[in-house]
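Structure below is start-v3.cif: mmCIF, C-alpha atoms and all ligand atoms.
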data_run
#
loop_
_atom_site.label_atom_id
_atom_site.label_comp_id
_atom_site.auth_asym_id
_atom_site.auth_seq_id
_atom_site.Cartn_x
_atom_site.Cartn_y
_atom_site.Cartn_z
CA MET A 143 8.70 2.53 -19.55
CA LYS A 144 5.75 0.95 -21.33
CA PHE A 145 2.21 0.03 -20.37
CA ILE A 146 0.32 -3.04 -21.48
CA ASP A 147 -1.76 -1.07 -23.98
CA GLU A 148 1.36 0.18 -25.78
CA ILE A 149 2.64 -3.20 -26.92
CA ASN A 150 1.45 -6.01 -29.15
CA ILE A 151 0.25 -8.87 -26.97
CA LYS A 152 -1.88 -10.82 -29.45
CA ASN A 153 -1.24 -14.60 -29.26
CA LYS A 154 1.63 -13.94 -26.83
CA ARG A 155 2.33 -15.79 -23.59
CA LEU A 156 1.73 -12.96 -21.13
CA LEU A 157 3.15 -13.65 -17.66
CA CYS A 158 1.33 -11.27 -15.31
CA ARG A 159 2.44 -10.60 -11.73
CA PHE A 160 -0.39 -9.47 -9.44
CA ASP A 161 -0.52 -8.96 -5.71
CA TYR A 162 -3.21 -11.40 -4.59
CA ASN A 163 -2.04 -11.40 -1.00
CA VAL A 164 -5.65 -11.17 0.21
CA PRO A 165 -6.81 -11.63 3.80
CA MET A 166 -8.31 -15.07 4.50
CA ASP A 167 -10.24 -16.41 7.50
CA GLU A 168 -9.47 -19.70 9.28
CA ASN A 169 -11.49 -21.64 6.66
CA GLN A 170 -9.38 -20.24 3.82
CA SER A 171 -12.26 -18.07 2.71
CA ILE A 172 -11.35 -14.70 1.22
CA VAL A 173 -12.36 -11.88 3.55
CA ASP A 174 -11.65 -9.02 1.17
CA ASP A 175 -11.16 -9.47 -2.58
CA ARG A 176 -10.34 -5.88 -3.54
CA ARG A 177 -6.86 -6.82 -4.71
CA ILE A 178 -8.32 -9.43 -7.04
CA ARG A 179 -10.87 -6.96 -8.42
CA ALA A 180 -8.10 -4.40 -8.92
CA SER A 181 -6.43 -6.77 -11.40
CA LEU A 182 -9.51 -7.20 -13.61
CA PRO A 183 -8.89 -4.28 -16.01
CA THR A 184 -5.47 -5.67 -16.97
CA ILE A 185 -6.71 -9.26 -17.33
CA ASN A 186 -9.81 -8.30 -19.31
CA TYR A 187 -7.75 -6.13 -21.61
CA ALA A 188 -5.24 -8.94 -22.21
CA LEU A 189 -8.05 -11.41 -22.95
CA ASP A 190 -9.78 -9.00 -25.32
CA GLU A 191 -6.50 -8.57 -27.17
CA GLY A 192 -6.14 -12.33 -27.59
CA ALA A 193 -3.21 -12.98 -25.25
CA LYS A 194 -2.55 -16.18 -23.29
CA VAL A 195 -2.73 -15.00 -19.71
CA ILE A 196 -0.48 -16.69 -17.14
CA ILE A 197 -1.02 -15.27 -13.66
CA MET A 198 1.41 -15.39 -10.77
CA SER A 199 1.24 -14.06 -7.20
CA HIS A 200 2.33 -14.72 -3.66
CA LEU A 201 0.07 -15.32 -0.67
CA GLY A 202 1.14 -15.00 2.96
CA ARG A 203 4.53 -16.06 4.26
CA PRO A 204 5.13 -19.76 3.59
CA LYS A 205 8.89 -19.09 3.87
CA GLY A 206 10.03 -21.24 0.94
CA LYS A 207 7.94 -24.31 1.81
CA VAL A 208 4.72 -25.71 0.41
CA VAL A 209 2.03 -24.75 2.94
CA PRO A 210 -1.33 -26.12 1.73
CA SER A 211 -3.34 -23.51 3.66
CA LEU A 212 -1.55 -20.82 1.62
CA SER A 213 -2.49 -22.27 -1.76
CA LEU A 214 -3.85 -19.78 -4.28
CA ALA A 215 -6.81 -22.14 -4.97
CA PRO A 216 -9.41 -19.85 -3.33
CA VAL A 217 -8.01 -16.91 -5.30
CA ALA A 218 -8.21 -18.80 -8.61
CA LYS A 219 -11.81 -19.71 -7.79
CA ARG A 220 -12.76 -16.12 -6.95
CA LEU A 221 -11.01 -14.75 -10.03
CA SER A 222 -12.79 -17.30 -12.17
CA ARG A 223 -16.12 -16.11 -10.79
CA LEU A 224 -15.24 -12.44 -11.32
CA LEU A 225 -14.05 -13.04 -14.90
CA GLY A 226 -16.88 -15.43 -15.75
CA LYS A 227 -14.37 -17.85 -17.18
CA GLU A 228 -12.27 -20.83 -16.13
CA VAL A 229 -9.03 -20.07 -14.32
CA GLN A 230 -7.04 -23.28 -14.02
CA LEU A 231 -4.67 -23.40 -11.05
CA ILE A 232 -1.43 -25.25 -11.78
CA SER A 233 -0.02 -26.92 -8.66
CA ASP A 234 3.45 -25.39 -9.14
CA CYS A 235 4.86 -22.10 -10.41
CA VAL A 236 7.90 -23.38 -12.33
CA GLY A 237 8.93 -26.69 -13.95
CA ASP A 238 7.43 -29.37 -16.18
CA LYS A 239 3.83 -29.18 -15.05
CA VAL A 240 3.72 -25.45 -15.69
CA GLU A 241 5.49 -25.67 -19.06
CA LYS A 242 3.09 -28.38 -20.28
CA ALA A 243 0.04 -26.39 -19.19
CA ILE A 244 1.34 -23.31 -21.00
CA GLU A 245 2.01 -25.29 -24.19
CA LYS A 246 -1.65 -26.28 -24.27
CA MET A 247 -2.91 -22.70 -23.89
CA THR A 248 -4.83 -20.98 -26.65
CA PRO A 249 -5.37 -17.20 -26.96
CA GLY A 250 -7.98 -15.94 -24.48
CA CYS A 251 -7.10 -18.66 -21.96
CA VAL A 252 -6.17 -17.95 -18.29
CA ILE A 253 -4.08 -20.07 -15.94
CA MET A 254 -2.80 -19.28 -12.46
CA LEU A 255 0.51 -20.53 -11.08
CA GLU A 256 0.72 -21.69 -7.46
CA ASN A 257 2.08 -19.42 -4.68
CA LEU A 258 5.50 -18.05 -5.69
CA ARG A 259 6.67 -18.01 -2.09
CA PHE A 260 6.54 -21.80 -1.90
CA TYR A 261 10.08 -21.35 -3.30
CA LYS A 262 12.65 -19.50 -1.23
CA GLY A 263 14.16 -18.21 -4.48
CA GLU A 264 11.23 -15.79 -4.75
CA THR A 265 11.93 -13.57 -1.74
CA GLN A 266 15.69 -14.09 -2.12
CA ASN A 267 15.48 -12.81 -5.69
CA GLU A 268 17.47 -15.86 -6.77
CA GLU A 269 18.69 -15.65 -10.33
CA ALA A 270 17.99 -19.29 -11.22
CA PHE A 271 14.39 -19.01 -10.02
CA ALA A 272 13.88 -15.68 -11.83
CA ARG A 273 15.24 -17.25 -15.03
CA LYS A 274 12.81 -20.19 -14.76
CA LEU A 275 9.90 -17.77 -14.38
CA GLY A 276 11.13 -15.58 -17.23
CA ASN A 277 11.41 -18.57 -19.57
CA LEU A 278 7.66 -19.14 -19.26
CA ALA A 279 6.81 -15.88 -21.01
CA ASP A 280 7.04 -13.90 -24.22
CA ILE A 281 6.11 -10.75 -22.34
CA TYR A 282 6.17 -9.92 -18.63
CA ILE A 283 3.50 -7.63 -17.19
CA ASP A 284 3.94 -6.22 -13.70
CA ASP A 285 0.71 -5.10 -12.04
CA ALA A 286 1.61 -5.98 -8.45
CA PHE A 287 1.80 -2.53 -6.89
CA GLY A 288 1.46 -3.92 -3.35
CA ASN A 289 4.74 -5.79 -3.83
CA ALA A 290 6.60 -3.16 -5.87
CA HIS A 291 8.74 -2.00 -2.92
CA ARG A 292 10.23 -5.50 -2.61
CA SER A 293 13.12 -6.84 -4.70
CA HIS A 294 11.87 -10.32 -5.42
CA ALA A 295 12.47 -12.76 -8.28
CA SER A 296 8.98 -12.37 -9.76
CA ASN A 297 9.06 -8.58 -9.95
CA VAL A 298 12.75 -7.58 -10.13
CA GLY A 299 14.98 -10.55 -11.06
CA ILE A 300 12.63 -11.71 -13.80
CA THR A 301 13.03 -8.53 -15.87
CA LYS A 302 16.52 -9.68 -16.94
CA PHE A 303 15.15 -12.90 -18.40
CA VAL A 304 12.24 -11.74 -20.55
CA LYS A 305 12.34 -10.13 -23.96
CA GLU A 306 9.75 -7.51 -23.20
CA CYS A 307 8.24 -5.94 -20.05
CA ALA A 308 5.37 -3.58 -19.39
CA MET A 309 3.16 -2.38 -16.55
CA GLY A 310 -0.51 -3.15 -16.05
CA PHE A 311 -3.34 -0.69 -15.47
CA LEU A 312 -3.32 -0.87 -11.66
CA MET A 313 0.35 0.08 -11.53
CA LYS A 314 -0.42 2.92 -13.93
CA ARG A 315 -3.23 4.27 -11.75
CA GLU A 316 -1.21 4.03 -8.55
CA LEU A 317 1.80 5.81 -10.01
CA ASN A 318 -0.28 8.47 -11.73
CA TYR A 319 -2.13 9.45 -8.56
CA PHE A 320 0.96 9.61 -6.38
CA LYS A 321 3.09 11.27 -9.04
CA GLY A 322 0.38 13.83 -9.76
CA ALA A 323 0.01 14.72 -6.09
CA LEU A 324 3.71 14.83 -5.33
CA GLU A 325 5.00 16.52 -8.47
CA ASN A 326 2.22 18.77 -9.56
CA PRO A 327 -0.42 19.16 -6.83
CA VAL A 328 -3.33 21.53 -7.01
CA ARG A 329 -2.83 23.72 -3.94
CA PRO A 330 -3.37 23.97 -1.04
CA PHE A 331 -1.79 20.53 -0.69
CA VAL A 332 -2.33 18.91 2.73
CA ALA A 333 -0.61 15.77 4.05
CA ILE A 334 -2.12 13.93 7.00
CA ILE A 335 0.28 11.55 8.66
CA GLY A 336 -0.55 9.25 11.56
CA GLY A 337 0.09 5.73 12.79
CA SER A 338 2.15 4.42 15.63
CA LYS A 339 5.77 5.26 14.96
CA VAL A 340 7.70 8.28 13.72
CA SER A 341 10.55 5.96 12.70
CA ASP A 342 8.36 4.32 10.04
CA LYS A 343 7.36 7.64 8.54
CA LEU A 344 10.26 10.03 9.16
CA GLU A 345 11.50 9.82 5.57
CA ALA A 346 8.01 10.37 4.18
CA LEU A 347 7.55 13.33 6.55
CA GLY A 348 10.85 14.84 5.42
CA ASN A 349 10.01 14.45 1.73
CA LEU A 350 6.45 15.76 2.13
CA LEU A 351 7.59 18.80 4.10
CA GLY A 352 9.33 19.99 0.95
CA LYS A 353 6.12 19.70 -1.08
CA VAL A 354 3.01 20.42 1.00
CA ASP A 355 1.39 23.65 2.20
CA LYS A 356 0.04 22.10 5.39
CA MET A 357 1.01 19.03 7.37
CA VAL A 358 -1.26 17.40 9.93
CA ILE A 359 0.31 14.94 12.37
CA GLY A 360 -1.85 12.65 14.50
CA GLY A 361 -1.78 9.12 15.92
CA GLY A 362 0.91 7.75 18.21
CA MET A 363 3.67 9.50 16.28
CA ALA A 364 2.31 12.92 17.27
CA PHE A 365 3.58 12.34 20.82
CA THR A 366 7.23 12.40 19.76
CA PHE A 367 6.53 15.81 18.21
CA LEU A 368 4.64 17.00 21.29
CA LYS A 369 7.54 15.84 23.47
CA ALA A 370 9.89 17.81 21.21
CA GLN A 371 7.75 20.86 21.95
CA GLY A 372 8.23 20.30 25.67
CA TYR A 373 4.87 18.74 26.61
CA GLU A 374 4.57 16.01 29.24
CA ILE A 375 3.00 13.08 27.40
CA GLY A 376 2.60 10.58 30.27
CA LYS A 377 2.95 6.96 29.08
CA SER A 378 2.03 7.76 25.47
CA ILE A 379 4.04 5.95 22.80
CA PHE A 380 7.11 7.96 21.77
CA GLU A 381 10.57 7.44 20.36
CA GLU A 382 13.24 9.13 22.44
CA ASN A 383 15.92 8.89 19.75
CA LEU A 384 13.69 10.77 17.32
CA VAL A 385 12.76 13.73 19.50
CA ASP A 386 15.59 15.78 17.95
CA GLY A 387 14.56 14.70 14.47
CA ALA A 388 10.98 15.76 15.23
CA ARG A 389 12.24 19.12 16.52
CA ARG A 390 14.26 19.66 13.33
CA ASN A 391 11.17 18.93 11.24
CA ILE A 392 9.13 21.43 13.26
CA GLU A 393 11.83 24.06 12.61
CA ARG A 394 12.07 23.14 8.95
CA ALA A 395 8.32 23.54 8.56
CA ARG A 396 8.48 26.97 10.21
CA GLU A 397 11.38 28.11 8.00
CA SER A 398 9.77 26.92 4.79
CA GLY A 399 6.33 28.32 5.60
CA VAL A 400 4.61 24.93 5.87
CA LYS A 401 1.87 25.06 8.50
CA LEU A 402 2.26 22.15 10.89
CA TYR A 403 -0.73 21.00 12.95
CA LEU A 404 -0.43 18.77 16.01
CA PRO A 405 -3.17 17.52 18.38
CA VAL A 406 -4.42 20.03 20.96
CA ASP A 407 -6.33 17.45 22.99
CA CYS A 408 -6.50 13.69 23.20
CA VAL A 409 -8.39 10.69 24.54
CA ILE A 410 -6.32 9.07 27.29
CA ALA A 411 -6.51 5.76 29.16
CA GLU A 412 -4.28 3.76 31.47
CA ALA A 413 -4.04 0.87 29.01
CA ILE A 414 -4.80 -0.08 25.41
CA ASP A 415 -7.87 -1.99 26.50
CA PRO A 416 -11.46 -1.88 25.21
CA LYS A 417 -12.69 -1.80 28.83
CA ALA A 418 -10.33 0.95 30.00
CA VAL A 419 -11.74 4.10 31.56
CA THR A 420 -11.10 7.04 29.21
CA LYS A 421 -10.79 10.81 29.63
CA ILE A 422 -10.56 13.65 27.16
CA VAL A 423 -7.87 16.12 28.17
CA PRO A 424 -5.99 19.06 26.66
CA ILE A 425 -2.50 18.10 25.54
CA GLN A 426 -1.04 20.01 28.53
CA GLU A 427 -2.88 17.79 31.00
CA ILE A 428 -2.00 14.19 30.20
CA ASP A 429 -1.78 12.30 33.52
CA PRO A 430 1.69 10.85 34.13
CA ASN A 431 0.49 7.21 34.14
CA TRP A 432 -1.97 7.53 31.25
CA MET A 433 -1.44 7.37 27.52
CA GLY A 434 -2.88 9.29 24.58
CA LEU A 435 -4.72 6.84 22.34
CA ASP A 436 -6.81 9.06 20.05
CA ILE A 437 -7.13 12.68 19.05
CA GLY A 438 -9.79 14.59 21.00
CA PRO A 439 -12.81 16.61 19.77
CA ALA A 440 -10.98 19.96 19.66
CA THR A 441 -8.28 18.38 17.50
CA ILE A 442 -10.91 16.86 15.21
CA ALA A 443 -12.42 20.33 14.77
CA LEU A 444 -8.98 21.83 14.11
CA PHE A 445 -7.97 19.18 11.56
CA ARG A 446 -11.36 19.50 9.85
CA GLU A 447 -10.75 23.22 9.51
CA VAL A 448 -7.35 22.57 7.93
CA LEU A 449 -9.07 20.47 5.26
CA ASN A 450 -11.64 23.17 4.45
CA ASP A 451 -9.79 24.80 1.57
CA ALA A 452 -7.59 21.82 0.62
CA LYS A 453 -7.40 20.92 -3.06
CA THR A 454 -5.10 17.90 -2.73
CA VAL A 455 -4.97 15.62 0.32
CA VAL A 456 -2.67 12.67 0.94
CA TRP A 457 -3.37 10.60 4.05
CA ASN A 458 -1.33 7.80 5.61
CA GLY A 459 -1.82 6.42 9.11
CA PRO A 460 -4.71 6.40 11.63
CA MET A 461 -5.25 9.14 14.22
CA GLY A 462 -5.51 6.70 17.11
CA VAL A 463 -5.86 3.05 18.10
CA PHE A 464 -8.90 2.80 15.86
CA GLU A 465 -9.11 -0.99 16.22
CA ILE A 466 -10.70 -0.33 19.63
CA ASP A 467 -14.04 1.52 19.56
CA ALA A 468 -13.19 3.85 22.43
CA PHE A 469 -10.16 5.19 20.48
CA SER A 470 -11.59 5.13 16.97
CA ARG A 471 -13.55 8.39 16.79
CA GLY A 472 -10.66 10.58 15.67
CA THR A 473 -9.73 8.31 12.78
CA TYR A 474 -13.32 7.89 11.61
CA ALA A 475 -13.97 11.64 11.92
CA MET A 476 -10.95 12.25 9.67
CA VAL A 477 -12.27 9.75 7.12
CA HIS A 478 -15.60 11.63 7.01
CA ALA A 479 -13.84 15.01 6.82
CA ILE A 480 -11.63 13.85 3.95
CA ALA A 481 -14.58 12.25 2.16
CA ALA A 482 -16.58 15.49 2.48
CA SER A 483 -13.77 17.73 1.23
CA HIS A 484 -13.74 18.99 -2.34
CA ALA A 485 -10.12 18.00 -2.77
CA LEU A 486 -8.48 15.24 -4.75
CA THR A 487 -8.00 12.74 -1.94
CA ILE A 488 -5.47 9.93 -1.89
CA VAL A 489 -5.32 7.39 0.91
CA GLY A 490 -2.30 5.16 1.47
CA GLY A 491 -2.98 1.44 1.88
CA GLY A 492 -2.68 -0.64 5.05
CA ASP A 493 -4.46 0.50 8.21
CA THR A 494 -5.73 3.75 6.74
CA ASP A 495 -7.45 1.85 3.99
CA VAL A 496 -9.11 -0.45 6.57
CA ALA A 497 -10.41 2.59 8.47
CA VAL A 498 -11.88 4.09 5.30
CA HIS A 499 -13.67 0.88 4.38
CA ARG A 500 -15.10 0.49 7.88
CA THR A 501 -16.81 3.86 7.63
CA GLY A 502 -18.35 2.99 4.27
CA GLU A 503 -16.82 6.13 2.73
CA SER A 504 -14.62 4.36 0.14
CA ASP A 505 -16.58 5.72 -2.80
CA SER A 506 -16.10 9.30 -1.59
CA ILE A 507 -12.31 9.07 -1.69
CA THR A 508 -10.66 9.81 -5.04
CA TYR A 509 -8.08 7.03 -4.77
CA ILE A 510 -7.33 4.35 -2.20
CA SER A 511 -3.98 2.71 -2.76
CA THR A 512 -3.72 -1.09 -2.80
CA GLY A 513 -0.20 -1.02 -1.33
CA GLY A 514 0.67 0.24 2.16
CA GLY A 515 4.45 -0.23 2.03
CA ALA A 516 4.78 0.68 -1.64
CA SER A 517 2.73 3.87 -1.33
CA LEU A 518 4.76 4.91 1.73
CA GLU A 519 7.98 4.55 -0.30
CA LEU A 520 6.47 6.76 -3.00
CA LEU A 521 5.71 9.36 -0.32
CA GLU A 522 9.35 9.06 0.74
CA GLY A 523 10.31 10.10 -2.78
CA LYS A 524 11.91 6.76 -3.64
CA THR A 525 11.79 4.89 -6.92
CA LEU A 526 10.29 1.47 -6.22
CA PRO A 527 12.65 -1.45 -7.00
CA ALA A 528 10.09 -3.08 -9.32
CA ILE A 529 9.72 0.14 -11.29
CA ARG A 530 13.49 0.57 -11.55
CA ALA A 531 13.79 -3.02 -12.85
CA LEU A 532 11.13 -2.37 -15.51
CA GLU A 533 12.92 0.82 -16.55
CA GLU A 534 16.22 -1.03 -16.89
CA CYS A 535 14.54 -3.79 -18.91
CA GLU A 536 13.18 -1.15 -21.28
CA GLU A 537 16.55 0.66 -21.53
CA GLN A 538 18.24 -2.58 -22.55
CA ARG A 539 15.74 -3.08 -25.35
CA VAL A 540 16.21 0.38 -26.81
P1 LIG B 1 1.11 2.41 11.12
O1 LIG B 1 1.23 0.98 10.70
O2 LIG B 1 2.39 3.07 11.45
O3 LIG B 1 0.24 3.22 10.18
O4 LIG B 1 0.36 2.39 12.50
C1 LIG B 1 -0.93 1.90 12.65
C2 LIG B 1 -1.15 1.55 14.08
O5 LIG B 1 -0.91 2.69 14.89
C3 LIG B 1 -2.56 1.12 14.37
O6 LIG B 1 -2.57 -0.24 14.65
C4 LIG B 1 -2.96 1.94 15.58
O7 LIG B 1 -3.55 1.17 16.60
C5 LIG B 1 -1.64 2.50 16.07
N1 LIG B 1 -1.79 3.78 16.78
C6 LIG B 1 -2.38 4.89 16.34
N2 LIG B 1 -2.38 5.84 17.29
C7 LIG B 1 -1.77 5.32 18.38
C8 LIG B 1 -1.49 5.81 19.67
N3 LIG B 1 -1.83 7.04 20.04
N4 LIG B 1 -0.83 4.99 20.52
C9 LIG B 1 -0.49 3.74 20.15
N5 LIG B 1 -0.73 3.22 18.93
C10 LIG B 1 -1.38 4.00 18.04
#

How does the structure come out when it is put into structure tokens?
Amino acid sequence: MKFIDEINIKNKRLLCRFDYNVPMDENQSIVDDRRIRASLPTINYALDEGAKVIIMSHLGRPKGKVVPSLSLAPVAKRLSRLLGKEVQLISDCVGDKVEKAIEKMTPGCVIMLENLRFYKGETQNEEAFARKLGNLADIYIDDAFGNAHRSHASNVGITKFVKECAMGFLMKRELNYFKGALENPVRPFVAIIGGSKVSDKLEALGNLLGKVDKMVIGGGMAFTFLKAQGYEIGKSIFEENLVDGARRNIERARESGVKLYLPVDCVIAEAIDPKAVTKIVPIQEIDPNWMGLDIGPATIALFREVLNDAKTVVWNGPMGVFEIDAFSRGTYAMVHAIAASHALTIVGGGDTDVAVHRTGESDSITYISTGGGASLELLEGKTLPAIRALEECEEQRV
């Protein structure tokens, strides 16, 4: 598999797939442009090398129809400002208009194609649509890590219809951090897994149990594990069909010498409500009609202790319902603990990433992934479909 800096891109039509699925407010103003900034190293490199840069991305879920509020216009404008150069948005992503605009391009020029998901062929990985996209390029560059776990036309299908493919610098960074941690970690290696459901993370848990020295489980998913250990968990979220699976993982950890840490106390309330009355109780004393919505202070102290000698930390999933202040302390305390540790720290995207940014600790974390779903699949030990497609494209060339 090749990276953009290993091929000749001078004067070439470089079709670059980024993940510009950025959050917008009701006025179509970008709320967080980190995904756009994350693409700058690849774009700047391509421009310095004298390529013609054609950018494509999706935004939101227009479901195969043109939805004006999901136009990439605000993204093109922001990118233009960040690059200090014009980024012309073409009002389509395939067809005459696009082909004419590309014909007029000179090296060092940037254009952006309109939202790929305005065509249903994108998410359906339709061959005809992938071929149309592929025909626009001499070389295809995939730098859309946030979308790499999807099999779509612009990141999987397209690789059959271009002469040459490579990855951009963001993809390289993401893969290097996760690969490094999972294949060759400096030990002790600690995984912290949280979030609402065990079902979403069971595969990642199983894969990580074979690699880590210590595993910390918090958030809503901890209650399925606590139930498996025989605790009464009141009305806390739990998945009955996974209690056995949780028990097997507890046994597996014991047999393989992985230390498993679960909450010892929690913040409980009768409802997920900012105004709810809360109590801090040991895990043995959860009232029958109450639910555990955050880890408690004793658990924070315990988890902090676990991180003390860690050399590699991977974290995915909040420790509680951190969107509500009353249940956010555990998650924020973990962010600070991870930021203060001397380990190489990797945070999965999605909610965990939001929590880190809210605490202002982003700069103290070694790497924050730009892709929630994609990084979770890496933790599960899977090869991402987009990466497999790039590998196959390269194999065919050799
Ligand atoms: P995930 O997408 O699986 O990482 O889950 C994130 C969500 O889990 C967040 O929206 C949290 O509010 C939620 N969550 C975390 N802890 C709990 C809990 N104890 N009970 C219910 N939901 C939780």

(request) Using only C-alpha atoms and all ligand atoms, find the one residue out of A:Lys524, A:Arg223, A:Lys343, A:Arg446 that sits nearest to ligand LIG 1 (chain B). (result) A:Lys343

(request) Within 10 Å of ligand LIG 1 (chain B), which residues show up when you count all atoms listed in the file? List them as a count of residues only, please. (result) 52

(message) Just the number, please: distance in Å from CA of Ala272 in chain A to CA of Val304 in chain A, one decimal.
(response)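 We find that CA of Ala272 in chain A and CA of Val304 in chain A lie 9.7 Å from each other.
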
(message) Nearest residue to Ala485 in chain A out of A:Lys239, A:Lys219, A:His291, A:Lys453, using all atoms listed in the file?
(response)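 Using all atoms listed in the file, the shortest distance to Ala485 in chain A belongs to A:Lys453.
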
(message) Here is a test: counting only C-alpha atoms, which residue of A:Ile196, A:Ile232, A:Ala411, A:Ile185 is nearest to Ala279 in chain A?
(response) A:Ile196

(message) Nearest residue to Ile244 in chain A out of A:Ile197, A:Ile488, A:Leu384, A:Cys535, using all atoms listed in the file?
(response)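 Result for the nearest residue to Ile244 in chain A: A:Ile197.
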
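Closest approach to Val400 in chain A from the set A:Phe367, A:Ser293, A:Leu347, A:Pro430 is made by A:Leu347, with distances taken over all atoms listed in the file.
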
(message) What's the separation between CA of Leu520 in chain A and CA of Gln371 in chain A, in Å to one decimal place?
(response)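 CA of Gln371 in chain A lies 28.7 Å from CA of Leu520 in chain A.
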
Supply range 434-440 of chain A as a tab-separated table (two decimals), in the frame of the given file, with all heavy atoms built in where the input has gaps.
chain	number	residue	atom	x	y	z
A	434	GLY	N	-1.99	8.71	25.61
A	434	GLY	CA	-2.88	9.29	24.58
A	434	GLY	C	-3.13	8.24	23.51
A	434	GLY	O	-2.19	7.73	22.91
A	435	LEU	N	-4.42	7.93	23.28
A	435	LEU	CA	-4.72	6.84	22.34
A	435	LEU	C	-5.62	7.27	21.17
A	435	LEU	O	-5.91	6.48	20.28
A	435	LEU	CB	-5.35	5.66	23.09
A	435	LEU	CG	-4.40	5.01	24.11
A	435	LEU	CD1	-5.12	4.01	24.99
A	435	LEU	CD2	-3.21	4.34	23.43
A	436	ASP	N	-6.04	8.53	21.19
A	436	ASP	CA	-6.81	9.06	20.05
A	436	ASP	C	-6.75	10.58	20.12
A	436	ASP	O	-6.47	11.14	21.19
A	436	ASP	CB	-8.27	8.58	20.12
A	436	ASP	CG	-9.03	8.81	18.82
A	436	ASP	OD1	-8.39	9.13	17.78
A	436	ASP	OD2	-10.27	8.65	18.82
A	437	ILE	N	-7.03	11.23	19.00
A	437	ILE	CA	-7.13	12.68	19.05
A	437	ILE	C	-8.49	13.04	19.68
A	437	ILE	O	-9.45	12.27	19.57
A	437	ILE	CB	-6.97	13.33	17.65
A	437	ILE	CG1	-7.95	12.73	16.62
A	437	ILE	CG2	-5.53	13.20	17.15
A	437	ILE	CD1	-7.96	13.43	15.27
A	438	GLY	N	-8.55	14.18	20.32
A	438	GLY	CA	-9.79	14.59	21.00
A	438	GLY	C	-10.67	15.44	20.09
A	438	GLY	O	-10.30	15.74	18.94
A	439	PRO	N	-11.85	15.87	20.61
A	439	PRO	CA	-12.81	16.61	19.77
A	439	PRO	C	-12.30	17.97	19.28
A	439	PRO	O	-12.61	18.37	18.15
A	439	PRO	CB	-14.03	16.79	20.69
A	439	PRO	CG	-13.59	16.39	22.05
A	439	PRO	CD	-12.40	15.52	21.93
A	440	ALA	N	-11.51	18.65	20.10
A	440	ALA	CA	-10.98	19.96	19.66
A	440	ALA	C	-10.00	19.76	18.50
A	440	ALA	O	-9.95	20.55	17.55
A	440	ALA	CB	-10.29	20.68	20.83
